[in-house]
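What follows is a set of notes on a single structure, which appears directly below.
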Amino acid sequence: MLQSQEYGGNYEIVRDVLDKYERNPHMLIPILQEIQSAYSFLPEDVMVYVSAALGIRPGTVFGVATFYSHFTLEPKGKYVIKVCDGTACHVRKSEEIIKVLEKELKLSAEKRTSDDNLFTLETVACLGACGLAPVIVVNDDVHGSMTKESTAELISKIREEEAGGA
């Protein structure tokens, strides 16, 4: 897997991914997945480059990138926080957790990534961990039975780790 890095208009990673899949247009989804893994999103100019390299229309690439919810055309933060708002989590006050995260990270329904590009907040219908409701997932780490207080503490801990590692 490629290491995540900030997008800077460099096509070297894209060329490496295209070469790995032998520039096969039938491998468009895994190509886009790997590019997104590297950049944390799919830049428009990269999708145009991929379409030319694979010999397919740009509309085909954009269509795939916008059809599947896994893909994003906007940069995401280093920590993607998914808050479950399915029935079990909603009943156990997941809305309060969302409000705490929006306040702590200075986010809103329109603005989902923090100014420092450290956090992206997403609300999802179900994370499949109803017994741990309310649940949030930070990247691949599941946190169950969350409260307003434990949510604020988790964000504080991540920020401390980031400050210590900088």
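Labels used: A, B, ... for chains in the order of the structure tokens, numbers from 1 for residues in each chain, and numbers from 1 for ligands as shown.
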
Skipping near chain neighbours, those fewer than 3 positions away, what residues fall within 9 Å of Glu44 (chain A) using only C-alpha atoms, listed as a ChimeraX atom specification? /A:47-49,62,73

Helix (DSSP H, G or I) positions in region 34-121 of chain A, given as a PyMOL selection string: chain A and resi 34-39+44-54+58-67+87-91+94-105

Compile the contact shell of region 78-84 of chain A as a PDB file with N, CA, C and O atoms, in the first residue's frame: residues with an atom at most 8 Å away, counting only C-alpha atoms, same-chain residues fewer than 6 positions apart removed.
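Final output, out19.pdb:
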```
ATOM      1  N   HIS A  90     -28.120   6.218  17.235  1.00  0.00           N
ATOM      2  CA  HIS A  90     -28.941   7.424  17.320  1.00  0.00           C
ATOM      3  C   HIS A  90     -29.721   7.457  18.636  1.00  0.00           C
ATOM      4  O   HIS A  90     -29.762   8.486  19.309  1.00  0.00           O
ATOM      5  N   SER A  94     -25.947   9.563  19.480  1.00  0.00           N
ATOM      6  CA  SER A  94     -24.823   9.832  18.582  1.00  0.00           C
ATOM      7  C   SER A  94     -24.833  11.278  18.086  1.00  0.00           C
ATOM      8  O   SER A  94     -23.774  11.837  17.778  1.00  0.00           O
ATOM      9  N   ILE A  97     -22.558  13.329  20.083  1.00  0.00           N
ATOM     10  CA  ILE A  97     -21.156  13.084  19.744  1.00  0.00           C
ATOM     11  C   ILE A  97     -20.778  13.887  18.499  1.00  0.00           C
ATOM     12  O   ILE A  97     -19.717  14.507  18.443  1.00  0.00           O
ATOM     13  N   ILE A  98     -21.673  13.908  17.527  1.00  0.00           N
ATOM     14  CA  ILE A  98     -21.425  14.690  16.307  1.00  0.00           C
ATOM     15  C   ILE A  98     -21.265  16.163  16.665  1.00  0.00           C
ATOM     16  O   ILE A  98     -20.339  16.828  16.189  1.00  0.00           O
ATOM     17  N   ASN A 117      -6.192  20.220   8.369  1.00  0.00           N
ATOM     18  CA  ASN A 117      -6.253  18.973   7.579  1.00  0.00           C
ATOM     19  C   ASN A 117      -5.914  17.741   8.405  1.00  0.00           C
ATOM     20  O   ASN A 117      -5.478  16.728   7.870  1.00  0.00           O
ATOM     21  N   LEU A 118      -6.139  17.824   9.697  1.00  0.00           N
ATOM     22  CA  LEU A 118      -5.863  16.686  10.569  1.00  0.00           C
ATOM     23  C   LEU A 118      -7.078  15.767  10.683  1.00  0.00           C
ATOM     24  O   LEU A 118      -6.935  14.552  10.771  1.00  0.00           O
ATOM     25  N   PHE A 119      -8.286  16.344  10.666  1.00  0.00           N
ATOM     26  CA  PHE A 119      -9.501  15.566  10.897  1.00  0.00           C
ATOM     27  C   PHE A 119     -10.536  15.776   9.801  1.00  0.00           C
ATOM     28  O   PHE A 119     -10.727  16.892   9.338  1.00  0.00           O
ATOM     29  N   THR A 120     -11.209  14.689   9.429  1.00  0.00           N
ATOM     30  CA  THR A 120     -12.394  14.749   8.576  1.00  0.00           C
ATOM     31  C   THR A 120     -13.493  14.012   9.315  1.00  0.00           C
ATOM     32  O   THR A 120     -13.282  12.898   9.806  1.00  0.00           O
ATOM     33  N   LEU A 121     -14.662  14.630   9.395  1.00  0.00           N
ATOM     34  CA  LEU A 121     -15.806  14.045  10.090  1.00  0.00           C
ATOM     35  C   LEU A 121     -16.821  13.555   9.074  1.00  0.00           C
ATOM     36  O   LEU A 121     -17.234  14.297   8.184  1.00  0.00           O
ATOM     37  N   GLU A 122     -17.210  12.295   9.216  1.00  0.00           N
ATOM     38  CA  GLU A 122     -18.232  11.701   8.359  1.00  0.00           C
ATOM     39  C   GLU A 122     -19.293  11.056   9.234  1.00  0.00           C
ATOM     40  O   GLU A 122     -18.973  10.465  10.272  1.00  0.00           O
ATOM     41  N   THR A 123     -20.528  11.155   8.810  1.00  0.00           N
ATOM     42  CA  THR A 123     -21.627  10.473   9.480  1.00  0.00           C
ATOM     43  C   THR A 123     -22.031   9.310   8.587  1.00  0.00           C
ATOM     44  O   THR A 123     -22.220   9.492   7.391  1.00  0.00           O
ATOM     45  N   VAL A 124     -22.157   8.123   9.171  1.00  0.00           N
ATOM     46  CA  VAL A 124     -22.509   6.937   8.395  1.00  0.00           C
ATOM     47  C   VAL A 124     -23.768   6.300   8.965  1.00  0.00           C
ATOM     48  O   VAL A 124     -24.097   6.487  10.133  1.00  0.00           O
ATOM     49  N   ALA A 125     -24.460   5.538   8.133  1.00  0.00           N
ATOM     50  CA  ALA A 125     -25.731   4.935   8.532  1.00  0.00           C
ATOM     51  C   ALA A 125     -25.551   3.783   9.511  1.00  0.00           C
ATOM     52  O   ALA A 125     -26.376   3.588  10.393  1.00  0.00           O
ATOM     53  N   CYS A 126     -24.479   3.019   9.363  1.00  0.00           N
ATOM     54  CA  CYS A 126     -24.261   1.895  10.278  1.00  0.00           C
ATOM     55  C   CYS A 126     -22.820   1.430  10.174  1.00  0.00           C
ATOM     56  O   CYS A 126     -22.262   1.349   9.085  1.00  0.00           O
ATOM     57  N   LEU A 127     -22.240   1.116  11.322  1.00  0.00           N
ATOM     58  CA  LEU A 127     -20.885   0.568  11.356  1.00  0.00           C
ATOM     59  C   LEU A 127     -20.891  -0.902  11.752  1.00  0.00           C
ATOM     60  O   LEU A 127     -19.850  -1.528  11.851  1.00  0.00           O
ATOM     61  N   PRO A 134     -23.085   4.227  21.418  1.00  0.00           N
ATOM     62  CA  PRO A 134     -22.740   4.814  20.134  1.00  0.00           C
ATOM     63  C   PRO A 134     -21.269   4.584  19.790  1.00  0.00           C
ATOM     64  O   PRO A 134     -20.414   4.569  20.658  1.00  0.00           O
ATOM     65  N   VAL A 135     -21.032   4.405  18.502  1.00  0.00           N
ATOM     66  CA  VAL A 135     -19.718   4.003  18.008  1.00  0.00           C
ATOM     67  C   VAL A 135     -19.147   5.066  17.066  1.00  0.00           C
ATOM     68  O   VAL A 135     -19.877   5.650  16.273  1.00  0.00           O
ATOM     69  N   ILE A 136     -17.825   5.275  17.189  1.00  0.00           N
ATOM     70  CA  ILE A 136     -17.102   6.038  16.183  1.00  0.00           C
ATOM     71  C   ILE A 136     -15.887   5.218  15.770  1.00  0.00           C
ATOM     72  O   ILE A 136     -15.373   4.408  16.549  1.00  0.00           O
ATOM     73  N   VAL A 137     -15.460   5.427  14.540  1.00  0.00           N
ATOM     74  CA  VAL A 137     -14.256   4.785  14.027  1.00  0.00           C
ATOM     75  C   VAL A 137     -13.317   5.898  13.592  1.00  0.00           C
ATOM     76  O   VAL A 137     -13.707   6.792  12.844  1.00  0.00           O
ATOM     77  N   VAL A 138     -12.099   5.859  14.106  1.00  0.00           N
ATOM     78  CA  VAL A 138     -11.068   6.808  13.703  1.00  0.00           C
ATOM     79  C   VAL A 138     -10.068   6.006  12.879  1.00  0.00           C
ATOM     80  O   VAL A 138      -9.386   5.131  13.412  1.00  0.00           O
ATOM     81  N   ASN A 139     -10.042   6.305  11.585  1.00  0.00           N
ATOM     82  CA  ASN A 139      -9.318   5.494  10.616  1.00  0.00           C
ATOM     83  C   ASN A 139      -9.805   4.055  10.777  1.00  0.00           C
ATOM     84  O   ASN A 139     -10.951   3.796  10.460  1.00  0.00           O
TER      85      ASN A 139
END
```

Selected residue of minimal separation from His143 (chain A) among A:Gln33, A:Thr60, A:Thr72, A:Ala129, counting only C-alpha atoms: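 Answer, going by the shortest atom-to-atom distance: A:Ala129.
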
DSSP says strand (DSSP E or B) for which residues of chain A? Put them as a PyMOL selection string? chain A and resi 79-84+113+119-124+136-138+141-143

Keeping only N, CA, C and O atoms, write the selected residues to a file as an mmCIF file, in the first residue's frame.
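Written out: result.cif:
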```cif
data_model
loop_
_atom_site.group_PDB
_atom_site.id
_atom_site.type_symbol
_atom_site.label_atom_id
_atom_site.label_comp_id
_atom_site.auth_asym_id
_atom_site.auth_seq_id
_atom_site.Cartn_x
_atom_site.Cartn_y
_atom_site.Cartn_z
ATOM 1 N N TYR A 79 -6.868 11.947 9.985
ATOM 2 C CA TYR A 79 -7.747 11.105 10.791
ATOM 3 C C TYR A 79 -9.171 11.273 10.288
ATOM 4 O O TYR A 79 -9.756 12.345 10.401
ATOM 5 N N VAL A 80 -9.716 10.205 9.700
ATOM 6 C CA VAL A 80 -11.103 10.228 9.243
ATOM 7 C C VAL A 80 -11.949 9.621 10.355
ATOM 8 O O VAL A 80 -11.755 8.466 10.751
ATOM 9 N N ILE A 81 -12.845 10.445 10.878
ATOM 10 C CA ILE A 81 -13.708 10.038 11.986
ATOM 11 C C ILE A 81 -15.084 9.739 11.421
ATOM 12 O O ILE A 81 -15.742 10.624 10.869
ATOM 13 N N LYS A 82 -15.509 8.492 11.559
ATOM 14 C CA LYS A 82 -16.841 8.085 11.111
ATOM 15 C C LYS A 82 -17.708 7.887 12.349
ATOM 16 O O LYS A 82 -17.374 7.080 13.217
ATOM 17 N N VAL A 83 -18.789 8.630 12.406
ATOM 18 C CA VAL A 83 -19.727 8.513 13.517
ATOM 19 C C VAL A 83 -20.953 7.772 13.021
ATOM 20 O O VAL A 83 -21.576 8.184 12.047
ATOM 21 N N CYS A 84 -21.282 6.694 13.697
ATOM 22 C CA CYS A 84 -22.469 5.940 13.340
ATOM 23 C C CYS A 84 -23.702 6.700 13.825
ATOM 24 O O CYS A 84 -23.751 7.155 14.966
ATOM 25 N N THR A 113 -13.769 18.954 6.949
ATOM 26 C CA THR A 113 -12.355 18.737 7.244
ATOM 27 C C THR A 113 -11.812 19.949 7.986
ATOM 28 O O THR A 113 -12.078 21.084 7.612
ATOM 29 N N PHE A 119 -8.286 16.344 10.666
ATOM 30 C CA PHE A 119 -9.501 15.566 10.897
ATOM 31 C C PHE A 119 -10.536 15.776 9.801
ATOM 32 O O PHE A 119 -10.727 16.892 9.338
ATOM 33 N N THR A 120 -11.209 14.689 9.429
ATOM 34 C CA THR A 120 -12.394 14.749 8.576
ATOM 35 C C THR A 120 -13.493 14.012 9.315
ATOM 36 O O THR A 120 -13.282 12.898 9.806
ATOM 37 N N LEU A 121 -14.662 14.630 9.395
ATOM 38 C CA LEU A 121 -15.806 14.045 10.090
ATOM 39 C C LEU A 121 -16.821 13.555 9.074
ATOM 40 O O LEU A 121 -17.234 14.297 8.184
ATOM 41 N N GLU A 122 -17.210 12.295 9.216
ATOM 42 C CA GLU A 122 -18.232 11.701 8.359
ATOM 43 C C GLU A 122 -19.293 11.056 9.234
ATOM 44 O O GLU A 122 -18.973 10.465 10.272
ATOM 45 N N THR A 123 -20.528 11.155 8.810
ATOM 46 C CA THR A 123 -21.627 10.473 9.480
ATOM 47 C C THR A 123 -22.031 9.310 8.587
ATOM 48 O O THR A 123 -22.220 9.492 7.391
ATOM 49 N N VAL A 124 -22.157 8.123 9.171
ATOM 50 C CA VAL A 124 -22.509 6.937 8.395
ATOM 51 C C VAL A 124 -23.768 6.300 8.965
ATOM 52 O O VAL A 124 -24.097 6.487 10.133
ATOM 53 N N ILE A 136 -17.825 5.275 17.189
ATOM 54 C CA ILE A 136 -17.102 6.038 16.183
ATOM 55 C C ILE A 136 -15.887 5.218 15.770
ATOM 56 O O ILE A 136 -15.373 4.408 16.549
ATOM 57 N N VAL A 137 -15.460 5.427 14.540
ATOM 58 C CA VAL A 137 -14.256 4.785 14.027
ATOM 59 C C VAL A 137 -13.317 5.898 13.592
ATOM 60 O O VAL A 137 -13.707 6.792 12.844
ATOM 61 N N VAL A 138 -12.099 5.859 14.106
ATOM 62 C CA VAL A 138 -11.068 6.808 13.703
ATOM 63 C C VAL A 138 -10.068 6.006 12.879
ATOM 64 O O VAL A 138 -9.386 5.131 13.412
ATOM 65 N N ASP A 141 -9.643 2.321 13.818
ATOM 66 C CA ASP A 141 -9.801 2.027 15.242
ATOM 67 C C ASP A 141 -11.232 2.288 15.695
ATOM 68 O O ASP A 141 -11.735 3.412 15.593
ATOM 69 N N VAL A 142 -11.871 1.243 16.219
ATOM 70 C CA VAL A 142 -13.257 1.327 16.676
ATOM 71 C C VAL A 142 -13.287 1.767 18.137
ATOM 72 O O VAL A 142 -12.543 1.243 18.966
ATOM 73 N N HIS A 143 -14.144 2.730 18.424
ATOM 74 C CA HIS A 143 -14.334 3.233 19.788
ATOM 75 C C HIS A 143 -15.817 3.128 20.118
ATOM 76 O O HIS A 143 -16.639 3.807 19.501
#
```

Within 9 Å of Arg92 (chain A), counting only C-alpha atoms, which residues qualify if same-chain residues fewer than 4 places away don't, as a list in words?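 My reading of the contact set: Thr87, Ala88, Ala133, Pro134 and Ser145 of chain A.
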
Generate a file of the selected residues that holds N, CA and C atoms, formatted as an mmCIF file, in the first residue's frame.
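Wrote it out as out-v5.cif, contents follow:
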```
data_model
loop_
_atom_site.group_PDB
_atom_site.id
_atom_site.type_symbol
_atom_site.label_atom_id
_atom_site.label_comp_id
_atom_site.auth_asym_id
_atom_site.auth_seq_id
_atom_site.Cartn_x
_atom_site.Cartn_y
_atom_site.Cartn_z
ATOM 1 N N THR A 87 -29.772 3.378 13.892
ATOM 2 C CA THR A 87 -30.815 3.386 14.920
ATOM 3 C C THR A 87 -30.256 3.212 16.327
ATOM 4 N N ALA A 88 -29.456 2.178 16.557
ATOM 5 C CA ALA A 88 -28.943 1.926 17.916
ATOM 6 C C ALA A 88 -28.090 3.087 18.404
ATOM 7 N N ALA A 133 -22.891 0.683 20.804
ATOM 8 C CA ALA A 133 -23.448 2.014 20.524
ATOM 9 C C ALA A 133 -23.332 2.954 21.719
ATOM 10 N N PRO A 134 -23.085 4.227 21.418
ATOM 11 C CA PRO A 134 -22.740 4.814 20.134
ATOM 12 C C PRO A 134 -21.269 4.584 19.790
ATOM 13 N N SER A 145 -19.247 2.711 22.943
ATOM 14 C CA SER A 145 -19.865 3.288 24.145
ATOM 15 C C SER A 145 -19.366 4.710 24.392
#
```

Could you state the separation of CA of Val50 (chain A) and CA of Arg23 (chain A) in Å, given to one decimal place? 8.8 Å

Distance of CA of Pro43 (chain A) from CA of Lys103 (chain A), expressed in Å to one decimal place: 28.5 Å

If you measure from CA of Glu102 (chain A) to CA of Asp140 (chain A), what distance in Å do you get, rounded to one decimal? 20.2 Å

Measuring atom to atom with only C-alpha atoms, identify which of A:Gln36, A:Ser156, A:Thr151, A:Asn10 is nearest to Lys99 (chain A).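 The shortest atom-to-atom distance to Lys99 (chain A) comes from A:Thr151.
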
Shortest contact to Tyr21 (chain A), candidates A:Lys76, A:Ile35, A:Gly63, A:Asp45, atoms counted only C-alpha atoms, goes to A:Ile35

Counting only C-alpha atoms, figure out which residue out of A:Asp115, A:Glu22, A:Asp85, A:Glu104 gets nearest to Gly128 (chain A). A:Asp85

Region 24-26 of chain A surroundings by only C-alpha atoms, 12 Å radius, close-in-sequence under 4 positions cut, as a list in words: Val17, Leu18, Asp19, Lys20, Pro30, Ile31, Leu32, Val50, Ser51, Ala52, Ala53, Leu54, Gly55, Ile56, Arg57, Pro58, Thr60, Val61 and Val64 of chain A

Return the single residue from A:Leu154, A:Met146, A:Leu42, A:Cys89 that is closest to His70 (chain A), with distances computed using only C-alpha atoms.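 Ranked by minimum distance to His70 (chain A), first place goes to A:Leu42.
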